[in-house]
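The file target-v1.csv comes next; it holds CSV, C-alpha atoms and all ligand atoms.
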```csv
chain,number,residue,atom,x,y,z
A,1,MET,CA,-20.4,18.8,-44.8
A,2,VAL,CA,-19.0,20.7,-47.8
A,3,TYR,CA,-18.6,24.5,-48.3
A,4,MET,CA,-17.8,26.2,-51.5
A,5,THR,CA,-15.4,28.6,-49.7
A,6,ASP,CA,-14.4,28.9,-46.1
A,7,SER,CA,-15.2,32.5,-45.3
A,8,ALA,CA,-18.6,33.1,-46.8
A,9,PRO,CA,-19.9,29.9,-48.2
A,10,THR,CA,-22.6,30.1,-50.9
A,11,THR,CA,-23.7,26.6,-50.6
A,12,LEU,CA,-23.9,24.1,-47.8
A,13,THR,CA,-24.3,20.4,-48.3
A,14,LEU,CA,-25.1,18.2,-45.4
A,15,THR,CA,-26.5,14.8,-44.5
A,16,GLN,CA,-30.2,15.0,-44.6
A,17,PRO,CA,-31.4,16.2,-41.2
A,18,ASP,CA,-34.2,14.9,-38.9
A,19,ASP,CA,-36.5,16.9,-36.7
A,20,TRP,CA,-36.5,15.4,-33.1
A,21,HIS,CA,-39.5,17.5,-31.9
A,22,LEU,CA,-42.5,18.3,-34.1
A,23,HIS,CA,-46.2,19.0,-33.8
A,24,LEU,CA,-48.1,17.8,-36.9
A,25,ARG,CA,-51.6,18.0,-35.4
A,26,ASP,CA,-54.4,16.1,-37.2
A,27,GLY,CA,-57.3,16.9,-39.6
A,28,GLU,CA,-57.0,20.0,-41.8
A,29,ALA,CA,-53.9,21.3,-39.9
A,30,LEU,CA,-52.0,18.0,-40.6
A,31,ALA,CA,-52.9,18.2,-44.3
A,32,ALA,CA,-51.7,21.8,-44.4
A,33,VAL,CA,-48.3,21.3,-42.7
A,34,ALA,CA,-47.0,17.8,-43.1
A,35,ASP,CA,-45.4,18.4,-46.5
A,36,HIS,CA,-43.3,21.3,-45.2
A,37,THR,CA,-41.5,18.9,-42.9
A,38,ALA,CA,-41.4,16.0,-45.4
A,39,GLN,CA,-39.7,18.3,-47.9
A,40,GLN,CA,-36.8,18.9,-45.5
A,41,PHE,CA,-36.4,16.1,-43.1
A,42,ALA,CA,-36.0,12.3,-43.5
A,43,ARG,CA,-37.7,11.6,-40.1
A,44,ALA,CA,-39.4,13.5,-37.3
A,45,ILE,CA,-40.4,12.7,-33.8
A,46,VAL,CA,-44.1,13.5,-33.8
A,47,MET,CA,-45.6,14.9,-30.6
A,48,PRO,CA,-48.6,13.1,-29.2
A,49,ASN,CA,-50.6,16.1,-27.9
A,50,LEU,CA,-53.6,15.6,-30.0
A,51,ASN,CA,-57.1,15.9,-28.5
A,52,PRO,CA,-57.5,13.1,-27.3
A,53,PRO,CA,-53.8,12.4,-26.8
A,54,VAL,CA,-52.0,9.5,-28.3
A,55,THR,CA,-51.6,7.2,-25.3
A,56,ASN,CA,-51.1,3.7,-26.7
A,57,ALA,CA,-49.5,1.8,-29.6
A,58,ARG,CA,-52.8,1.4,-31.4
A,59,MET,CA,-53.5,5.1,-31.4
A,60,ALA,CA,-49.9,5.8,-32.5
A,61,ALA,CA,-50.4,3.4,-35.5
A,62,ASP,CA,-53.6,5.2,-36.5
A,63,TYR,CA,-51.9,8.5,-36.2
A,64,ARG,CA,-49.0,7.3,-38.3
A,65,LYS,CA,-51.4,6.2,-41.0
A,66,ALA,CA,-53.2,9.5,-41.0
A,67,ILE,CA,-49.8,11.3,-41.5
A,68,MET,CA,-48.8,9.1,-44.4
A,69,ALA,CA,-52.2,9.5,-46.0
A,70,VAL,CA,-51.7,13.3,-46.5
A,71,LEU,CA,-48.2,12.9,-48.0
A,72,PRO,CA,-47.5,12.1,-51.6
A,73,ASP,CA,-47.4,8.4,-52.3
A,74,ASP,CA,-43.7,8.4,-53.1
A,75,SER,CA,-42.8,10.3,-50.0
A,76,ALA,CA,-39.8,8.7,-48.1
A,77,PHE,CA,-40.6,10.7,-44.9
A,78,GLU,CA,-40.7,8.5,-41.8
A,79,PRO,CA,-42.8,9.7,-38.8
A,80,LEU,CA,-41.3,8.5,-35.6
A,81,MET,CA,-44.2,8.1,-33.2
A,82,THR,CA,-44.5,8.9,-29.5
A,83,LEU,CA,-46.9,8.2,-26.7
A,84,TYR,CA,-48.3,10.7,-24.3
A,85,LEU,CA,-47.5,9.9,-20.7
A,86,THR,CA,-50.5,10.0,-18.3
A,87,ASP,CA,-51.0,9.1,-14.6
A,88,ASN,CA,-52.5,5.9,-16.0
A,89,THR,CA,-49.8,4.7,-18.5
A,90,ARG,CA,-48.9,1.2,-17.5
A,91,ALA,CA,-45.7,-0.7,-18.0
A,92,ALA,CA,-47.6,-3.0,-20.4
A,93,ASP,CA,-48.5,0.0,-22.6
A,94,ILE,CA,-44.7,0.8,-22.8
A,95,GLU,CA,-43.8,-2.8,-23.6
A,96,GLN,CA,-46.5,-3.0,-26.4
A,97,ALA,CA,-45.3,0.3,-27.8
A,98,HIS,CA,-41.7,-0.9,-27.8
A,99,GLU,CA,-42.6,-4.2,-29.5
A,100,SER,CA,-44.5,-2.3,-32.2
A,101,GLY,CA,-41.2,-0.9,-33.4
A,102,MET,CA,-42.9,2.2,-34.5
A,103,VAL,CA,-43.0,4.1,-31.2
A,104,LYS,CA,-39.7,5.6,-30.4
A,105,ALA,CA,-40.3,7.7,-27.3
A,106,VAL,CA,-42.7,8.8,-24.6
A,107,LYS,CA,-43.6,12.5,-23.9
A,108,PHE,CA,-44.0,13.8,-20.4
A,109,TYR,CA,-46.1,17.0,-20.1
A,110,PRO,CA,-46.7,18.2,-16.6
A,111,ALA,CA,-50.5,18.6,-16.5
A,112,GLY,CA,-51.6,22.0,-17.8
A,113,ALA,CA,-48.1,23.0,-19.0
A,114,THR,CA,-49.0,23.8,-22.6
A,115,THR,CA,-51.4,23.1,-25.5
A,116,ASN,CA,-53.5,20.0,-25.0
A,117,SER,CA,-51.7,19.0,-21.9
A,118,ASP,CA,-54.7,18.6,-19.6
A,119,ALA,CA,-54.2,14.8,-19.6
A,120,GLY,CA,-50.6,15.2,-18.5
A,121,VAL,CA,-49.0,13.9,-15.4
A,122,THR,CA,-50.2,15.2,-12.1
A,123,ASP,CA,-47.8,13.1,-9.9
A,124,LEU,CA,-44.7,11.7,-11.6
A,125,LYS,CA,-44.4,8.9,-9.0
A,126,LYS,CA,-47.6,7.4,-10.4
A,127,THR,CA,-45.8,6.8,-13.7
A,128,TYR,CA,-42.7,5.1,-12.2
A,129,PRO,CA,-43.8,1.6,-13.3
A,130,ALA,CA,-44.0,2.9,-16.9
A,131,LEU,CA,-40.7,4.8,-16.5
A,132,HIS,CA,-38.9,1.7,-15.2
A,133,ALA,CA,-40.3,-0.2,-18.3
A,134,MET,CA,-38.8,2.5,-20.5
A,135,ALA,CA,-35.5,2.3,-18.7
A,136,ALA,CA,-35.5,-1.4,-19.3
A,137,CYS,CA,-36.0,-1.2,-23.0
A,138,GLY,CA,-33.9,2.0,-23.5
A,139,MET,CA,-36.8,4.1,-24.7
A,140,PRO,CA,-36.2,7.8,-24.1
A,141,LEU,CA,-38.5,10.0,-22.1
A,142,LEU,CA,-39.1,13.4,-23.7
A,143,VAL,CA,-39.6,16.1,-21.2
A,144,HIS,CA,-41.5,19.4,-21.4
A,145,GLY,CA,-39.3,20.9,-18.7
A,146,GLU,CA,-41.5,23.5,-17.0
A,147,VAL,CA,-43.3,23.4,-13.7
A,148,THR,CA,-47.0,24.5,-13.8
A,149,ASP,CA,-47.2,26.1,-10.3
A,150,PRO,CA,-48.9,29.4,-10.9
A,151,ASP,CA,-46.9,30.9,-8.1
A,152,VAL,CA,-43.6,30.3,-10.0
A,153,ASP,CA,-42.7,33.2,-12.4
A,154,VAL,CA,-43.2,32.1,-16.0
A,155,PHE,CA,-39.6,32.9,-16.9
A,156,ASP,CA,-38.3,30.7,-14.0
A,157,ARG,CA,-40.3,27.6,-14.7
A,158,GLU,CA,-37.6,25.7,-16.6
A,159,ALA,CA,-35.0,26.4,-13.9
A,160,VAL,CA,-37.4,25.3,-11.1
A,161,PHE,CA,-38.4,22.2,-13.0
A,162,ILE,CA,-34.7,21.1,-13.4
A,163,GLU,CA,-34.2,21.4,-9.6
A,164,THR,CA,-37.5,20.1,-8.3
A,165,VAL,CA,-38.5,17.5,-10.9
A,166,LEU,CA,-35.8,16.5,-13.3
A,167,LYS,CA,-32.8,16.0,-11.0
A,168,PRO,CA,-34.9,14.0,-8.5
A,169,LEU,CA,-36.2,11.8,-11.4
A,170,MET,CA,-32.6,11.3,-12.7
A,171,ASP,CA,-31.6,10.2,-9.2
A,172,ASP,CA,-34.6,7.9,-8.7
A,173,ILE,CA,-34.2,6.1,-12.1
A,174,PRO,CA,-30.6,6.3,-13.2
A,175,GLU,CA,-31.1,4.1,-16.2
A,176,LEU,CA,-33.8,6.2,-17.7
A,177,ARG,CA,-32.7,8.0,-20.9
A,178,ILE,CA,-34.1,11.5,-21.1
A,179,VAL,CA,-34.3,14.3,-23.7
A,180,LEU,CA,-35.0,17.7,-22.1
A,181,GLU,CA,-37.0,19.3,-24.9
A,182,HIS,CA,-36.7,22.8,-26.3
A,183,ILE,CA,-34.3,24.1,-23.7
A,184,THR,CA,-34.2,27.9,-23.2
A,185,THR,CA,-31.9,28.6,-20.3
A,186,GLY,CA,-28.3,28.6,-19.1
A,187,HIS,CA,-29.5,26.3,-16.3
A,188,ALA,CA,-30.5,23.6,-18.8
A,189,VAL,CA,-27.2,24.0,-20.7
A,190,LYS,CA,-25.2,23.6,-17.5
A,191,LEU,CA,-27.2,20.4,-16.6
A,192,ILE,CA,-26.6,18.8,-20.1
A,193,ASN,CA,-22.9,19.7,-20.0
A,194,GLN,CA,-22.5,18.1,-16.5
A,195,SER,CA,-24.6,15.0,-17.2
A,196,GLY,CA,-23.5,11.8,-18.8
A,197,GLU,CA,-24.8,10.0,-21.9
A,198,ARG,CA,-28.3,9.4,-20.6
A,199,LEU,CA,-29.3,13.1,-20.9
A,200,ALA,CA,-29.7,15.1,-24.2
A,201,ALA,CA,-31.5,18.2,-25.2
A,202,THR,CA,-33.2,19.6,-28.3
A,203,ILE,CA,-32.9,23.3,-29.1
A,204,THR,CA,-35.3,25.2,-31.4
A,205,ALA,CA,-34.2,27.7,-34.1
A,206,HIS,CA,-36.4,30.4,-32.6
A,207,HIS,CA,-34.8,30.1,-29.1
A,208,LEU,CA,-31.4,30.5,-30.9
A,209,LEU,CA,-32.6,33.5,-32.9
A,210,MET,CA,-34.7,35.5,-30.5
A,211,ASN,CA,-34.8,36.7,-27.0
A,212,ARG,CA,-37.8,37.9,-25.0
A,213,ASN,CA,-37.6,41.4,-26.4
A,214,SER,CA,-39.1,39.9,-29.6
A,215,LEU,CA,-42.4,39.4,-27.7
A,216,PHE,CA,-42.8,43.1,-27.4
A,217,LYS,CA,-41.2,44.7,-30.4
A,218,GLY,CA,-43.3,47.8,-31.1
A,219,GLY,CA,-46.4,46.0,-29.5
A,220,ILE,CA,-47.4,42.6,-28.4
A,221,ARG,CA,-46.3,39.9,-30.8
A,222,PRO,CA,-48.5,36.8,-30.5
A,223,HIS,CA,-46.6,34.9,-33.2
A,224,HIS,CA,-43.5,35.0,-31.0
A,225,TYR,CA,-45.3,33.4,-28.1
A,226,CYS,CA,-44.4,29.8,-27.4
A,227,LEU,CA,-43.7,27.6,-24.5
A,228,PRO,CA,-41.2,27.6,-23.0
A,229,VAL,CA,-41.4,31.3,-23.4
A,230,LEU,CA,-38.5,33.2,-25.0
A,231,LYS,CA,-36.0,34.2,-22.3
A,232,ARG,CA,-33.6,37.1,-21.7
A,233,GLU,CA,-30.5,37.5,-23.8
A,234,THR,CA,-28.0,35.9,-21.3
A,235,HIS,CA,-29.9,32.7,-21.7
A,236,ARG,CA,-29.9,32.9,-25.5
A,237,LEU,CA,-26.2,33.4,-25.4
A,238,ALA,CA,-25.9,30.2,-23.3
A,239,LEU,CA,-27.8,28.3,-26.0
A,240,LEU,CA,-25.3,29.7,-28.6
A,241,ASP,CA,-22.4,28.5,-26.4
A,242,ALA,CA,-24.1,25.1,-26.4
A,243,ILE,CA,-24.2,24.8,-30.2
A,244,ARG,CA,-20.7,26.3,-30.5
A,245,SER,CA,-19.3,23.6,-28.2
A,246,GLY,CA,-20.2,20.9,-30.6
A,247,HIS,CA,-21.3,18.7,-27.6
A,248,PRO,CA,-22.9,15.5,-29.1
A,249,ARG,CA,-26.0,15.6,-27.0
A,250,TYR,CA,-27.6,18.7,-28.4
A,251,PHE,CA,-29.7,18.2,-31.4
A,252,LEU,CA,-32.3,19.7,-33.7
A,253,GLY,CA,-35.9,19.8,-32.6
A,254,THR,CA,-38.0,22.6,-34.2
A,255,ASP,CA,-41.0,22.4,-31.9
A,256,SER,CA,-42.9,23.8,-34.9
A,257,ALA,CA,-46.4,24.1,-33.5
A,258,PRO,CA,-49.1,25.3,-35.9
A,259,HIS,CA,-52.2,27.2,-34.7
A,260,ALA,CA,-54.9,28.9,-36.7
A,261,ARG,CA,-54.3,32.6,-37.0
A,262,GLU,CA,-57.4,33.5,-35.0
A,263,ASN,CA,-56.2,31.3,-32.1
A,264,LYS,CA,-52.9,33.2,-32.0
A,265,GLU,CA,-54.2,36.7,-32.6
A,266,SER,CA,-56.7,36.6,-29.7
A,267,ALA,CA,-57.3,37.9,-26.2
A,268,CYS,CA,-55.8,34.7,-24.9
A,269,GLY,CA,-53.6,33.5,-27.7
A,270,CYS,CA,-52.2,29.9,-28.0
A,271,ALA,CA,-48.5,29.1,-27.4
A,272,GLY,CA,-46.5,27.8,-30.4
A,273,MET,CA,-44.5,29.1,-33.3
A,274,TYR,CA,-44.8,27.7,-36.8
A,275,THR,CA,-41.3,27.1,-38.2
A,276,ALA,CA,-41.6,24.0,-40.4
A,277,HIS,CA,-41.8,26.1,-43.6
A,278,ALA,CA,-38.2,27.2,-43.3
A,279,ALA,CA,-36.8,25.0,-40.5
A,280,ILE,CA,-33.3,24.2,-41.8
A,281,GLU,CA,-32.9,27.7,-43.2
A,282,LEU,CA,-33.7,29.2,-39.8
A,283,TYR,CA,-31.1,26.9,-38.2
A,284,ALA,CA,-28.5,27.8,-40.9
A,285,THR,CA,-29.2,31.4,-40.1
A,286,ALA,CA,-28.7,30.9,-36.4
A,287,PHE,CA,-25.6,28.8,-36.8
A,288,GLU,CA,-24.1,31.4,-39.2
A,289,GLN,CA,-24.8,34.2,-36.8
A,290,ALA,CA,-23.1,32.1,-34.1
A,291,GLY,CA,-20.1,31.7,-36.4
A,292,VAL,CA,-20.4,27.9,-36.4
A,293,LEU,CA,-21.9,26.8,-39.7
A,294,ASP,CA,-19.5,23.9,-39.6
A,295,LYS,CA,-21.3,22.6,-36.5
A,296,LEU,CA,-24.7,22.5,-38.2
A,297,GLU,CA,-24.4,19.0,-39.7
A,298,ALA,CA,-23.7,17.2,-36.4
A,299,PHE,CA,-26.4,19.1,-34.6
A,300,ALA,CA,-29.0,18.7,-37.4
A,301,SER,CA,-28.2,15.2,-38.8
A,302,LEU,CA,-25.9,13.1,-36.6
A,303,ASN,CA,-26.3,13.7,-32.9
A,304,GLY,CA,-30.1,12.9,-32.9
A,305,PRO,CA,-29.9,9.5,-34.6
A,306,ASP,CA,-26.9,8.6,-32.4
A,307,PHE,CA,-28.8,9.3,-29.2
A,308,TYR,CA,-32.0,7.5,-30.4
A,309,ARG,CA,-29.8,4.6,-31.6
A,310,LEU,CA,-31.1,4.8,-35.1
A,311,PRO,CA,-29.1,4.8,-38.3
A,312,ARG,CA,-27.8,8.1,-39.7
A,313,ASN,CA,-29.4,9.2,-42.9
A,314,THR,CA,-27.5,8.6,-46.1
A,315,GLU,CA,-29.1,11.2,-48.4
A,316,GLN,CA,-27.8,14.8,-48.6
A,317,ILE,CA,-29.4,18.2,-48.9
A,318,THR,CA,-28.0,21.4,-50.2
A,319,LEU,CA,-28.7,24.9,-48.9
A,320,ARG,CA,-27.9,27.9,-51.1
A,321,ARG,CA,-27.2,31.5,-50.1
A,322,GLN,CA,-30.3,33.0,-51.8
A,323,ASP,CA,-32.6,35.8,-50.7
A,324,TRP,CA,-36.2,34.8,-50.5
A,325,GLN,CA,-39.3,36.2,-48.9
A,326,VAL,CA,-41.3,34.1,-46.4
A,327,PRO,CA,-45.0,34.0,-47.4
A,328,ASP,CA,-47.4,36.2,-45.4
A,329,ASN,CA,-49.4,33.1,-44.6
A,330,TYR,CA,-50.3,29.6,-45.6
A,331,PRO,CA,-53.8,28.2,-46.0
A,332,MET,CA,-54.9,25.9,-43.3
A,333,GLY,CA,-58.3,24.4,-43.8
A,334,ILE,CA,-60.8,27.3,-43.5
A,335,SER,CA,-58.2,29.4,-41.7
A,336,THR,CA,-54.6,30.5,-42.2
A,337,LEU,CA,-51.3,29.9,-40.6
A,338,ILE,CA,-48.8,32.6,-40.0
A,339,PRO,CA,-45.3,31.3,-40.3
A,340,LEU,CA,-42.3,32.7,-38.3
A,341,TYR,CA,-40.8,35.7,-40.1
A,342,ALA,CA,-43.9,36.1,-42.3
A,343,GLY,CA,-43.2,38.6,-45.1
A,344,GLU,CA,-39.5,38.9,-44.1
A,345,HIS,CA,-36.4,37.8,-46.0
A,346,LEU,CA,-34.2,34.8,-45.2
A,347,HIS,CA,-30.8,34.4,-46.8
A,348,TRP,CA,-30.5,30.6,-47.0
A,349,LYS,CA,-32.8,28.4,-49.2
A,350,LEU,CA,-33.0,24.7,-49.4
A,351,GLY,CA,-32.3,23.6,-53.0
A,352,THR,CA,-34.9,21.6,-54.8
A,353,ASP,CA,-32.5,19.7,-57.0
B,401,LIG,C1,-46.8,23.4,-28.4
B,401,LIG,C2,-48.2,23.1,-29.1
B,401,LIG,O1,-48.8,24.1,-29.6
B,401,LIG,O2,-48.6,22.0,-29.2
B,401,LIG,N1,-46.7,24.8,-28.1
B,401,LIG,C3,-45.5,25.4,-27.9
B,401,LIG,O3,-45.6,26.6,-27.6
B,401,LIG,N2,-44.4,24.8,-28.0
B,401,LIG,C4,-46.8,22.5,-27.2
B,401,LIG,C5,-45.5,22.5,-26.5
B,401,LIG,O4,-44.5,21.8,-27.0
B,401,LIG,O5,-45.3,23.1,-25.5
B,402,ZN,ZN,-43.5,20.9,-28.5
```

What would you get if you wrote out this structure as structure tokens?
Amino acid sequence: MVYMTDSAPTTLTLTQPDDWHLHLRDGEALAAVADHTAQQFARAIVMPNLNPPVTNARMAADYRKAIMAVLPDDSAFEPLMTLYLTDNTRAADIEQAHESGMVKAVKFYPAGATTNSDAGVTDLKKTYPALHAMAACGMPLLVHGEVTDPDVDVFDREAVFIETVLKPLMDDIPELRIVLEHITTGHAVKLINQSGERLAATITAHHLLMNRNSLFKGGIRPHHYCLPVLKRETHRLALLDAIRSGHPRYFLGTDSAPHARENKESACGCAGMYTAHAAIELYATAFEQAGVLDKLEAFASLNGPDFYRLPRNTEQITLRRQDWQVPDNYPMGISTLIPLYAGEHLHWKLGTD
């Protein structure tokens, strides 16, 4: 990574990053959002929570084709596909997926945890044959780490998941490699710091930039609602400590999750923030606020491929210190998409040359 000056860099050049947690959707939404990611990232781990979910290698291959079809012909972007774990996922499904070479991970949503997760796992024990097959071939399990018990306070669901689901799973299948996705709490940071090489975590830009006050600033803010929900400031500070530490098993995963405007601004609004329009700029902003711009490259571009046992990218990108205004919205089929920080100013901009 190269700065122009040490104190207030005006440009930032880094190895091209990858996004290790992304929702691209399908149909009109896919066509509206895919290029935002492809403009920034070399690769992205594409979440399988379509309706119906992507549960086998054949569906993943079809989905991959659909993604490539909406990108320009000369796009070098590489979607890294995932399967959606269900109670019925068999060891043979994992083996086939692994042999396809195209499926890089499997996603575990507790049933009912979030958008399109109704087909998720009701009893993790039922999936143990599939999880053992993953352990055998080194394929990571990507975990949405929240319990769904309605009696558990929504702000405590990650901490309770770690104690009641994740730690027992790690004890039961010690060889299983796991990514705890979009971590939001000091509990998660503590676990990653204490665990060995088999456990990693992604962190979103929005969980680095905002705490739960942002949900209620001057009124209820549906575009700041995502899952896991924003937490109190002490937890955001724990995430900042995590990125400041330079620990190799934290890496970039935007969890950019587009929803049509009317589905967000509703009496029962969907969870998910759209951040792909300015993903690396948002991370640069967060890392600069944390005083560790020098740690951005490892987090965004090196730690992820190392954990996934994939080659690091060889291209570079350059960010410039430049004021620009985020559009108020983007077209998405017959609807619109409201990006994070719509109409507001950001101070880093990805160069186009
Ligand atoms: C995601 C979505 O909309 O698909 N929403 C979100 O708030 N992050 C699902 C998820 O990752 O939980
Ligand atoms: Zn997600």

Exercise. Ligand ZN 402 (chain B): which residues are within 12 Å, counting all atoms listed in the file, as a VMD selection string?
Worked result: chain A and resid 19 to 25 45 to 50 107 to 109 113 to 117 142 to 146 180 to 183 202 to 204 226 to 229 253 to 258 271 to 275

For this session: Considering only C-alpha atoms, return as number ranges by chain whatever protein or nucleic-acid residues lie within 9 Å of Pro129 (chain A), sequence-local ones (same chain, fewer than 5 positions apart) excluded.
Result: A: 89-91, 134

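Residues with any atom within 9 Å of Thr314 (chain A), counting all atoms listed in the file and excluding same-chain neighbours fewer than 2 positions away, are Thr15, Gln16, Pro311, Arg312 and Gln316 of chain A.
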
Would you export the selected residues with C-alpha atoms as a compact mmCIF listing (two decimals), keeping the file's coordinate frame, please?
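This is the output file again_34.txt:
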```txt
# COMPACT_ATOMS: atom_id res chain seq x y z
CA THR A 15 -26.50 14.80 -44.50
CA GLN A 16 -30.20 15.00 -44.60
CA PRO A 311 -29.10 4.80 -38.30
CA ARG A 312 -27.80 8.10 -39.70
CA GLN A 316 -27.80 14.80 -48.60
```

Build an axis-aligned box that encloses every atom of region 307-322 of chain A listed in the file, pad it by 3 Å on each side, and report its centre and edge lengths in Å to one decimal, as lines of an AutoDock Vina configuration file.
```
center_x = -29.6
center_y = 18.8
center_z = -40.5
size_x = 10.8
size_y = 34.4
size_z = 28.6
```

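Among the candidate residues A:Leu302, A:Leu237, A:Val147, A:Val70, the one lying nearest to ligand LIG 401 (chain B) is A:Val147, with distances computed using only C-alpha atoms and all ligand atoms.
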
Exercise: residues within 12 Å of coordinate (-52.9, 5.0, -32.4), counting all atoms listed in the file, as an mmCIF file with C-alpha atoms, in the frame of the given file:
```cif
data_model
loop_
_atom_site.group_PDB
_atom_site.id
_atom_site.type_symbol
_atom_site.label_atom_id
_atom_site.label_comp_id
_atom_site.auth_asym_id
_atom_site.auth_seq_id
_atom_site.Cartn_x
_atom_site.Cartn_y
_atom_site.Cartn_z
ATOM 1 C CA PRO A 48 -48.600 13.100 -29.200
ATOM 2 C CA LEU A 50 -53.600 15.600 -30.000
ATOM 3 C CA PRO A 52 -57.500 13.100 -27.300
ATOM 4 C CA PRO A 53 -53.800 12.400 -26.800
ATOM 5 C CA VAL A 54 -52.000 9.500 -28.300
ATOM 6 C CA THR A 55 -51.600 7.200 -25.300
ATOM 7 C CA ASN A 56 -51.100 3.700 -26.700
ATOM 8 C CA ALA A 57 -49.500 1.800 -29.600
ATOM 9 C CA ARG A 58 -52.800 1.400 -31.400
ATOM 10 C CA MET A 59 -53.500 5.100 -31.400
ATOM 11 C CA ALA A 60 -49.900 5.800 -32.500
ATOM 12 C CA ALA A 61 -50.400 3.400 -35.500
ATOM 13 C CA ASP A 62 -53.600 5.200 -36.500
ATOM 14 C CA TYR A 63 -51.900 8.500 -36.200
ATOM 15 C CA ARG A 64 -49.000 7.300 -38.300
ATOM 16 C CA LYS A 65 -51.400 6.200 -41.000
ATOM 17 C CA ALA A 66 -53.200 9.500 -41.000
ATOM 18 C CA ILE A 67 -49.800 11.300 -41.500
ATOM 19 C CA MET A 81 -44.200 8.100 -33.200
ATOM 20 C CA THR A 82 -44.500 8.900 -29.500
ATOM 21 C CA LEU A 83 -46.900 8.200 -26.700
ATOM 22 C CA TYR A 84 -48.300 10.700 -24.300
ATOM 23 C CA ASP A 93 -48.500 0.000 -22.600
ATOM 24 C CA GLN A 96 -46.500 -3.000 -26.400
ATOM 25 C CA ALA A 97 -45.300 0.300 -27.800
ATOM 26 C CA SER A 100 -44.500 -2.300 -32.200
ATOM 27 C CA MET A 102 -42.900 2.200 -34.500
ATOM 28 C CA VAL A 103 -43.000 4.100 -31.200
#
```

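Picture a line from CA of Arg232 (chain A) to CA of Asn213 (chain A); it runs 7.5 Å.
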
Could you make a table, as JSON lines, of the residues of region 212-325 of chain A that have an atom within 7 Å of an atom of region 11-14 of chain A, each with its nearest atom pair and distance in Å to one decimal, counting all atoms listed in the file, in chain and number order?
```
{"residue": "A:Glu297", "atom": "CA", "partner": "A:Leu14", "partner_atom": "CA", "distance": 5.8}
{"residue": "A:Gln316", "atom": "CA", "partner": "A:Leu14", "partner_atom": "CA", "distance": 5.4}
{"residue": "A:Ile317", "atom": "CA", "partner": "A:Leu14", "partner_atom": "CA", "distance": 5.5}
{"residue": "A:Thr318", "atom": "CA", "partner": "A:Thr13", "partner_atom": "CA", "distance": 4.3}
{"residue": "A:Leu319", "atom": "CA", "partner": "A:Leu12", "partner_atom": "CA", "distance": 5.0}
{"residue": "A:Arg320", "atom": "CA", "partner": "A:Thr11", "partner_atom": "CA", "distance": 4.4}
{"residue": "A:Arg321", "atom": "CA", "partner": "A:Thr11", "partner_atom": "CA", "distance": 6.0}
```

Which residues come within 10 Å of His223 (chain A), counting all atoms listed in the file, excluding same-chain residues fewer than 6 positions away, as a tab-separated table (two decimals) with C-alpha atoms, in the coordinates of the input?
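Contents of the output file out_29.tsv:
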```tsv
chain	number	residue	atom	x	y	z
A	214	SER	CA	-39.10	39.90	-29.60
A	215	LEU	CA	-42.40	39.40	-27.70
A	259	HIS	CA	-52.20	27.20	-34.70
A	261	ARG	CA	-54.30	32.60	-37.00
A	264	LYS	CA	-52.90	33.20	-32.00
A	265	GLU	CA	-54.20	36.70	-32.60
A	269	GLY	CA	-53.60	33.50	-27.70
A	270	CYS	CA	-52.20	29.90	-28.00
A	271	ALA	CA	-48.50	29.10	-27.40
A	272	GLY	CA	-46.50	27.80	-30.40
A	273	MET	CA	-44.50	29.10	-33.30
A	274	TYR	CA	-44.80	27.70	-36.80
A	338	ILE	CA	-48.80	32.60	-40.00
A	339	PRO	CA	-45.30	31.30	-40.30
A	340	LEU	CA	-42.30	32.70	-38.30
A	341	TYR	CA	-40.80	35.70	-40.10
A	342	ALA	CA	-43.90	36.10	-42.30
```

Exercise. Contacts of Glu288 (chain A) at 12 Å or less, counting only C-alpha atoms, minus same-chain residues fewer than 2 places along, as a ChimeraX atom specification?
Worked result: /A:7-10,12,205,208-209,240,243-244,280-286,290-296,321,347-348

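Using all atoms listed in the file, the shortest contact distance between ligand LIG 401 (chain B) and any of A:Glu78, A:Glu233, A:Asp172, A:Asp118 is found at A:Asp118.
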
For this session: Tell me, in Å to one decimal, how far CA of Tyr128 (chain A) is from CA of Asp149 (chain A).
Result: 21.6 Å

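Proximity to Pro110 (chain A) at 7 Å, evaluated using only C-alpha atoms and with sequence-adjacent residues fewer than 5 positions away removed, yields Gly120, Val121, Thr122, Val147 and Thr148 of chain A.
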
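Compared by their closest atoms to Ser301 (chain A), and using all atoms listed in the file, the residues A:Ala276, A:Leu346, A:Ile94, A:Ala42 rank with A:Ala42 nearest.
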